[in-house]
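The next block is data_11.txt, given as compact mmCIF, C-alpha atoms and all ligand atoms.
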# COMPACT_ATOMS: atom_id res chain seq x y z
CA MET A 1047 163.73 105.31 192.77
CA THR A 1048 165.42 102.81 190.49
CA GLU A 1049 165.48 102.80 186.70
CA THR A 1050 163.21 99.74 186.83
CA LYS A 1051 160.63 101.77 188.73
CA TRP A 1052 160.94 104.63 186.22
CA SER A 1053 160.16 102.14 183.41
CA GLU A 1054 157.26 100.63 185.33
CA VAL A 1055 155.72 104.06 185.84
CA ASP A 1056 156.21 104.81 182.13
CA ALA A 1057 154.41 101.56 181.29
CA TYR A 1058 151.57 102.54 183.65
CA ILE A 1059 151.22 105.97 182.04
CA VAL A 1060 151.14 104.44 178.56
CA GLU A 1061 148.66 101.73 179.60
CA LYS A 1062 146.30 104.38 181.01
CA LEU A 1063 146.70 107.15 178.42
CA SER A 1064 147.82 105.39 175.23
CA PRO A 1065 146.15 101.95 175.35
CA ALA A 1066 147.57 99.24 173.07
CA GLU A 1067 144.06 98.48 171.73
CA ASP A 1068 143.95 101.88 170.01
CA PRO A 1069 144.84 101.33 166.32
CA LEU A 1070 146.83 104.59 166.33
CA ASN A 1071 149.05 103.22 169.09
CA GLN A 1072 149.29 99.87 167.32
CA THR A 1073 150.72 101.63 164.26
CA LEU A 1074 153.32 103.30 166.46
CA ASP A 1075 154.19 100.03 168.20
CA ALA A 1076 154.52 98.42 164.77
CA ALA A 1077 156.99 101.16 163.77
CA LEU A 1078 159.11 100.39 166.82
CA ALA A 1079 158.95 96.67 166.02
CA ARG A 1080 160.04 97.35 162.42
CA ASN A 1081 162.92 99.52 163.67
CA ARG A 1082 164.18 96.75 165.94
CA ALA A 1083 163.74 94.09 163.22
CA ALA A 1084 165.79 96.28 160.86
CA GLY A 1085 168.55 96.54 163.47
CA LEU A 1086 168.14 100.28 164.12
CA PRO A 1087 169.39 101.39 167.56
CA ALA A 1088 166.65 101.69 170.21
CA ILE A 1089 167.10 105.43 170.59
CA ASP A 1090 163.63 106.48 169.47
CA VAL A 1091 161.83 108.76 171.93
CA SER A 1092 159.69 106.79 174.39
CA PRO A 1093 155.93 106.46 173.76
CA ALA A 1094 155.14 109.00 176.48
CA GLN A 1095 157.75 111.41 175.08
CA GLY A 1096 156.46 110.93 171.53
CA LYS A 1097 153.00 111.84 172.69
CA LEU A 1098 154.41 114.89 174.48
CA LEU A 1099 155.98 116.04 171.18
CA HIS A 1100 152.64 115.46 169.47
CA LEU A 1101 150.78 117.51 172.08
CA LEU A 1102 153.32 120.34 172.01
CA ALA A 1103 153.07 120.53 168.21
CA ARG A 1104 149.28 120.60 168.42
CA MET A 1105 149.29 123.21 171.19
CA SER A 1106 151.49 125.40 169.03
CA GLY A 1107 149.12 125.00 166.06
CA ALA A 1108 152.02 123.87 163.88
CA ARG A 1109 151.45 123.53 160.13
CA ARG A 1110 155.11 123.21 159.13
CA ILE A 1111 157.41 121.03 161.23
CA LEU A 1112 161.15 120.42 160.90
CA GLU A 1113 162.79 117.38 162.49
CA ILE A 1114 166.56 116.86 162.54
CA GLY A 1115 167.26 113.12 163.06
CA THR A 1116 164.58 110.74 161.73
CA LEU A 1117 165.91 107.28 162.66
CA GLY A 1118 162.94 104.95 161.83
CA GLY A 1119 160.39 107.75 161.92
CA TYR A 1120 158.83 106.99 165.30
CA SER A 1121 158.94 110.61 166.48
CA THR A 1122 158.14 111.69 162.90
CA ILE A 1123 154.83 109.82 163.01
CA TRP A 1124 153.87 111.39 166.35
CA LEU A 1125 154.68 114.84 164.96
CA ALA A 1126 153.03 114.26 161.56
CA ARG A 1127 149.82 113.30 163.34
CA ALA A 1128 149.79 116.70 165.02
CA LEU A 1129 149.57 118.40 161.60
CA PRO A 1130 146.43 119.32 159.69
CA ASP A 1131 145.87 117.35 156.46
CA ASP A 1132 147.66 120.00 154.41
CA GLY A 1133 150.54 120.25 156.91
CA ARG A 1134 154.10 119.22 156.12
CA ILE A 1135 156.98 117.69 158.07
CA VAL A 1136 160.51 117.96 156.75
CA THR A 1137 162.70 115.35 158.43
CA LEU A 1138 166.47 115.10 157.94
CA GLU A 1139 168.33 111.80 158.15
CA PHE A 1140 171.96 111.01 157.42
CA SER A 1141 171.56 107.24 157.01
CA PRO A 1142 169.84 105.92 153.84
CA VAL A 1143 169.11 102.68 155.74
CA HIS A 1144 167.34 104.52 158.57
CA ALA A 1145 165.50 106.69 156.03
CA GLU A 1146 164.24 103.64 154.13
CA VAL A 1147 162.78 102.11 157.31
CA ALA A 1148 161.30 105.47 158.26
CA ARG A 1149 159.60 105.84 154.89
CA GLU A 1150 157.95 102.44 155.29
CA ASN A 1151 156.81 103.24 158.82
CA ILE A 1152 155.42 106.65 157.89
CA LEU A 1153 153.59 105.17 154.91
CA ALA A 1154 152.10 102.43 157.12
CA ALA A 1155 150.99 105.14 159.56
CA GLY A 1156 149.11 106.94 156.78
CA GLN A 1157 151.29 110.04 157.03
CA ALA A 1158 153.16 109.83 153.70
CA ASP A 1159 151.27 112.81 152.21
CA LYS A 1160 152.79 115.11 154.83
CA LEU A 1161 156.31 113.73 154.51
CA ASP A 1162 159.38 115.48 153.09
CA LEU A 1163 162.24 113.12 154.05
CA ARG A 1164 165.69 114.32 153.03
CA ILE A 1165 168.68 111.98 153.13
CA GLY A 1166 172.14 113.35 153.91
CA PRO A 1167 173.96 115.37 156.55
CA ALA A 1168 171.57 117.85 158.17
CA LEU A 1169 174.15 120.62 157.88
CA GLU A 1170 173.85 120.30 154.08
CA ALA A 1171 170.04 120.16 154.03
CA LEU A 1172 169.53 123.16 156.33
CA PRO A 1173 171.06 125.78 154.00
CA THR A 1174 169.02 124.29 151.15
CA LEU A 1175 165.85 124.72 153.18
CA GLU A 1176 166.78 128.35 153.81
CA LYS A 1177 167.33 128.92 150.08
CA GLU A 1178 163.90 127.42 149.45
CA GLY A 1179 162.44 130.00 151.84
CA ALA A 1180 161.20 127.33 154.25
CA ILE A 1181 159.81 128.62 157.55
CA PHE A 1182 158.78 126.33 160.41
CA ASP A 1183 156.34 126.54 163.33
CA PHE A 1184 157.84 123.67 165.30
CA ILE A 1185 161.35 122.21 165.22
CA PHE A 1186 162.56 119.00 166.90
CA ILE A 1187 166.34 118.55 167.12
CA ASP A 1188 167.38 114.93 167.75
CA ALA A 1189 170.41 113.94 165.65
CA ASP A 1190 174.17 114.01 166.39
CA LYS A 1191 174.43 115.98 169.63
CA GLY A 1192 177.87 117.35 168.76
CA ASN A 1193 176.20 119.57 166.18
CA ASN A 1194 173.47 120.85 168.51
CA PRO A 1195 174.96 124.36 168.72
CA ALA A 1196 174.85 124.61 164.90
CA TYR A 1197 171.39 123.03 164.77
CA LEU A 1198 170.05 125.57 167.26
CA GLN A 1199 171.44 128.42 165.14
CA TRP A 1200 169.84 126.97 162.02
CA ALA A 1201 166.58 126.37 163.84
CA LEU A 1202 166.45 130.00 164.91
CA ARG A 1203 167.02 131.11 161.29
CA LEU A 1204 164.32 128.83 159.92
CA ALA A 1205 161.70 129.45 162.62
CA ARG A 1206 158.88 131.95 162.54
CA ILE A 1207 158.44 134.26 165.52
CA GLY A 1208 156.51 132.27 168.12
CA ALA A 1209 157.80 128.94 166.84
CA VAL A 1210 158.60 126.19 169.34
CA ILE A 1211 162.01 124.49 169.33
CA VAL A 1212 162.53 121.23 171.26
CA VAL A 1213 165.93 119.56 171.69
CA ASP A 1214 166.21 115.95 172.86
CA ASN A 1215 168.85 114.37 175.12
CA VAL A 1216 170.26 117.45 176.83
CA VAL A 1217 170.93 115.73 180.20
CA ARG A 1218 172.34 112.28 179.30
CA GLY A 1219 172.18 110.74 182.77
CA GLY A 1220 173.70 113.90 184.29
CA ARG A 1221 176.81 113.68 182.09
CA VAL A 1222 176.01 117.20 180.90
CA LEU A 1223 177.75 118.41 184.08
CA ASP A 1224 181.10 116.90 183.04
CA ALA A 1225 183.07 119.93 181.87
CA ALA A 1226 186.13 117.70 181.27
CA SER A 1227 184.30 115.22 179.03
CA ALA A 1228 185.97 114.28 175.74
CA ASP A 1229 182.67 112.90 174.39
CA PRO A 1230 181.62 115.08 171.41
CA ASP A 1231 177.97 114.63 172.43
CA ILE A 1232 178.63 116.12 175.87
CA ILE A 1233 180.87 118.87 174.50
CA GLY A 1234 178.15 119.71 171.96
CA THR A 1235 175.44 119.68 174.60
CA ARG A 1236 177.40 122.00 176.88
CA LYS A 1237 178.10 124.38 173.97
CA PHE A 1238 174.42 124.17 173.14
CA PHE A 1239 173.53 125.32 176.69
CA ASP A 1240 176.03 128.20 176.50
CA LEU A 1241 174.54 129.33 173.21
CA ALA A 1242 170.96 128.70 174.32
CA GLY A 1243 171.45 130.97 177.31
CA ALA A 1244 173.27 133.71 175.41
CA GLU A 1245 170.89 133.75 172.45
CA LYS A 1246 168.32 136.56 172.80
CA SER A 1247 166.16 135.34 169.93
CA TRP A 1248 164.50 132.64 171.99
CA THR A 1249 163.32 132.03 175.56
CA ALA A 1250 164.13 128.53 176.76
CA THR A 1251 164.26 126.12 179.63
CA ALA A 1252 165.23 122.48 180.03
CA ILE A 1253 163.34 119.76 181.87
CA GLN A 1254 164.90 116.55 183.15
CA THR A 1255 163.03 113.34 182.43
CA VAL A 1256 163.13 109.81 183.82
CA GLY A 1257 161.39 106.75 182.41
CA GLN A 1258 161.86 103.94 179.98
CA LYS A 1259 164.80 105.76 178.37
CA GLY A 1260 166.60 106.37 181.66
CA TRP A 1261 167.50 109.84 182.93
CA ASP A 1262 167.67 112.51 180.26
CA GLY A 1263 165.90 115.74 179.35
CA PHE A 1264 164.48 118.11 176.78
CA ALA A 1265 165.29 121.74 176.14
CA ILE A 1266 162.29 123.72 174.95
CA GLY A 1267 161.94 127.30 173.89
CA VAL A 1268 159.89 129.82 171.97
CA VAL A 1269 161.31 132.08 169.28
CA GLU A 1270 161.18 135.81 170.03
CA ALA A 1271 160.97 138.76 167.68
CA ALA A 1272 164.45 139.96 166.71
N1 LIG A 1301 164.00 111.31 166.32
C1 LIG A 1301 164.12 109.84 166.31
C2 LIG A 1301 165.46 109.41 166.84
C3 LIG A 1301 166.63 109.98 166.09
S1 LIG A 1301 168.13 109.13 166.49
C4 LIG A 1301 163.02 109.26 167.18
O1 LIG A 1301 162.87 109.72 168.32
O2 LIG A 1301 162.30 108.35 166.74
C5 LIG A 1301 169.29 110.15 165.69
C6 LIG A 1301 169.29 110.03 164.16
O3 LIG A 1301 170.08 111.09 163.67
C7 LIG A 1301 169.92 108.73 163.65
O4 LIG A 1301 169.05 108.08 162.77
C8 LIG A 1301 171.18 109.19 162.91
O5 LIG A 1301 171.48 108.45 161.75
C9 LIG A 1301 170.79 110.61 162.55
N2 LIG A 1301 171.94 111.49 162.30
C10 LIG A 1301 173.16 111.44 162.91
N3 LIG A 1301 173.96 112.39 162.42
C11 LIG A 1301 173.23 113.07 161.49
C12 LIG A 1301 173.51 114.16 160.63
N4 LIG A 1301 174.70 114.77 160.63
N5 LIG A 1301 172.53 114.60 159.81
C13 LIG A 1301 171.33 114.00 159.81
N6 LIG A 1301 171.01 112.96 160.60
C14 LIG A 1301 171.94 112.50 161.43
C1 LIG A 1302 171.16 108.52 171.63
C2 LIG A 1302 170.53 109.38 170.75
C3 LIG A 1302 169.24 109.81 171.00
O1 LIG A 1302 168.60 110.66 170.18
C4 LIG A 1302 168.56 109.36 172.13
O2 LIG A 1302 167.30 109.83 172.33
C5 LIG A 1302 169.19 108.50 173.01
C6 LIG A 1302 170.49 108.07 172.75
C7 LIG A 1302 172.53 108.07 171.35
O3 LIG A 1302 173.10 108.48 170.33
O4 LIG A 1302 173.07 107.31 172.17
MG MG A 1303 166.85 111.50 171.07
If you convert what's in this file into structure tokens, what do you get?
Ligand code: SAH
Ligand code: DHB
Ligand code: MG
Amino acid sequence: MTETKWSEVDAYIVEKLSPAEDPLNQTLDAALARNRAAGLPAIDVSPAQGKLLHLLARMSGARRILEIGTLGGYSTIWLARALPDDGRIVTLEFSPVHAEVARENILAAGQADKLDLRIGPALEALPTLEKEGAIFDFIFIDADKGNNPAYLQWALRLARIGAVIVVDNVVRGGRVLDAASADPDIIGTRKFFDLAGAEKSWTATAIQTVGQKGWDGFAIGVVEAA
């Protein structure tokens, strides 16, 4: 199958299961449009993937979500909508420009009451969250892949037992297999897999995906008692 076919099947899935007439989907499409108009890179999760994140967060009964890597808030909106009204999503974004667009999108999606958007390097925000005593039920890691080993370690510290951790972009068109790669994203992803397999405090797998965003994959795991 070609990449074109993968995209066509994605479009079919979205047309059937997330129709464009639904105002909820229109808000999400508007967020994507605003991201592109603002010149943000088109590296948001796909609509089908966003809905998967939403469903996973709902299935896990999450009330407190942590996201590392906000971009324009497309995935943030999907996740925020999985929360009860008194739920909270902390989302970490390095770029003030991205964060500004995200804030607008999340406000337009009616999710501002649940939003705790923190601007700056995630590795500075994460220790602050720990000092605040923050504990999360669901964590989505989707920022600079070179730091994924560190993000996994932080996620495990900030997660409650039974929490779900999802990591985006762990396959990168199969480039994850390139042990000689000099790309920090691939090096980070491979170190992430080493750590993910050695770490006894969670049980994880990874699933390859094809679709509108090409060939990639998610790692997903559940946090175990120490
Ligand atoms: N989760 C988003 C996509 C995130 S793209 C979605 O699916 O809609 C990755 C984001 O991580 C970018 O906005 C980038 O600016 C941000 N980022 C990169 N390095 C970071 C860092 N060290 N700390 C926090 N955010 C970072
Ligand atoms: C990139 C980042 C992402 O989070 C993603 O889903 C796809 C691509 C990137 O940095 O190229
Ligand atoms: Mg991603």
Inset, instruction - Have a look at A:Gly1220, A:Asp1214, A:Arg1080, A:Asp1231 and name the one nearest to Ala1252 in chain A; count only C-alpha atoms. - result: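 Using only C-alpha atoms, Ala1252 in chain A sits closest to A:Asp1214.
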List as CSV every residue of chain A that is in contact with ligand LIG 1302 (chain A), defined as an atom at most 7 Å from one of its atoms (using all atoms listed in the file), together with the nearest atom pair and the distance in Å rounded to one decimal, sorted by chain and then rising number.
residue,atom,partner,partner_atom,distance
A:Ile1089,CA,A:LIG1302,C5,4.4
A:Asp1090,CA,A:LIG1302,O2,5.7
A:Val1091,CA,A:LIG1302,O2,5.6
A:Asp1188,CA,A:LIG1302,O1,5.1
A:Ala1189,CA,A:LIG1302,O1,5.9
A:Asp1190,CA,A:LIG1302,O3,6.9
A:Asp1214,CA,A:LIG1302,O2,6.2
A:Asn1215,CA,A:LIG1302,O2,5.5
Legend entry - For Leu1098 in chain A, the nearest of the candidates A:Phe1186, A:Tyr1058, A:Tyr1197, A:Phe1239, counting only C-alpha atoms: A:Phe1186
Legend entry - Shell of 10 Å around Leu1117 in chain A, all atoms listed in the file, local chain residues under 3 positions omitted, as a ChimeraX atom specification: /A:1081,1086-1090,1114,1120-1122,1137-1148,1188-1189
Would you mind exporting the chosen residues as a JSON list (two decimals), in the frame of the given file, restricted to C-alpha atoms?
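The result, stored in out.json:
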[["chain", "number", "residue", "atom", "x", "y", "z"],
["A", 1081, "ASN", "CA", 162.92, 99.52, 163.67],
["A", 1086, "LEU", "CA", 168.14, 100.28, 164.12],
["A", 1087, "PRO", "CA", 169.39, 101.39, 167.56],
["A", 1088, "ALA", "CA", 166.65, 101.69, 170.21],
["A", 1089, "ILE", "CA", 167.10, 105.43, 170.59],
["A", 1090, "ASP", "CA", 163.63, 106.48, 169.47],
["A", 1114, "ILE", "CA", 166.56, 116.86, 162.54],
["A", 1120, "TYR", "CA", 158.83, 106.99, 165.30],
["A", 1121, "SER", "CA", 158.94, 110.61, 166.48],
["A", 1122, "THR", "CA", 158.14, 111.69, 162.90],
["A", 1137, "THR", "CA", 162.70, 115.35, 158.43],
["A", 1138, "LEU", "CA", 166.47, 115.10, 157.94],
["A", 1139, "GLU", "CA", 168.33, 111.80, 158.15],
["A", 1140, "PHE", "CA", 171.96, 111.01, 157.42],
["A", 1141, "SER", "CA", 171.56, 107.24, 157.01],
["A", 1142, "PRO", "CA", 169.84, 105.92, 153.84],
["A", 1143, "VAL", "CA", 169.11, 102.68, 155.74],
["A", 1144, "HIS", "CA", 167.34, 104.52, 158.57],
["A", 1145, "ALA", "CA", 165.50, 106.69, 156.03],
["A", 1146, "GLU", "CA", 164.24, 103.64, 154.13],
["A", 1147, "VAL", "CA", 162.78, 102.11, 157.31],
["A", 1148, "ALA", "CA", 161.30, 105.47, 158.26],
["A", 1188, "ASP", "CA", 167.38, 114.93, 167.75],
["A", 1189, "ALA", "CA", 170.41, 113.94, 165.65]]
Starting from 4 Å padding per side, set up an axis-aligned box that covers all listed atoms of ligand LIG 1301 (chain A) and hand over centre and edge lengths in Å, one decimal, as AutoDock Vina command-line options.
--center_x 168.5 --center_y 111.4 --center_z 164.1 --size_x 20.4 --size_y 14.7 --size_z 16.5
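With all atoms listed in the file as the basis for measurement, A:Glu1113 is the residue among A:Glu1270, A:Glu1113, A:Asp1131, A:Asp1183 that approaches ligand LIG 1301 (chain A) most closely.
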Inset, instruction - Would you kindly return, as a PyMOL selection string, each protein, DNA or RNA residue with an atom no farther than 10 Å from any atom of Met1105 in chain A, considering only C-alpha atoms and excluding same-chain residues fewer than 4 positions away? - result: chain A and resi 1099-1101+1128+1210
Inset, instruction - Identify which of the residues A:Thr1116, A:Ser1247, A:Ser1227, A:Asn1151 lies closest to ligand LIG 1301 (chain A), counting all atoms listed in the file when measuring atom-to-atom distances. - result: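 Checking each of A:Thr1116, A:Ser1247, A:Ser1227, A:Asn1151 against ligand LIG 1301 (chain A), counting all atoms listed in the file, the winner is A:Thr1116.
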Legend entry - One-decimal distance in Å that lies between CA of Lys1191 in chain A and CA of Ala1271 in chain A: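 It comes out at 26.5 Å.
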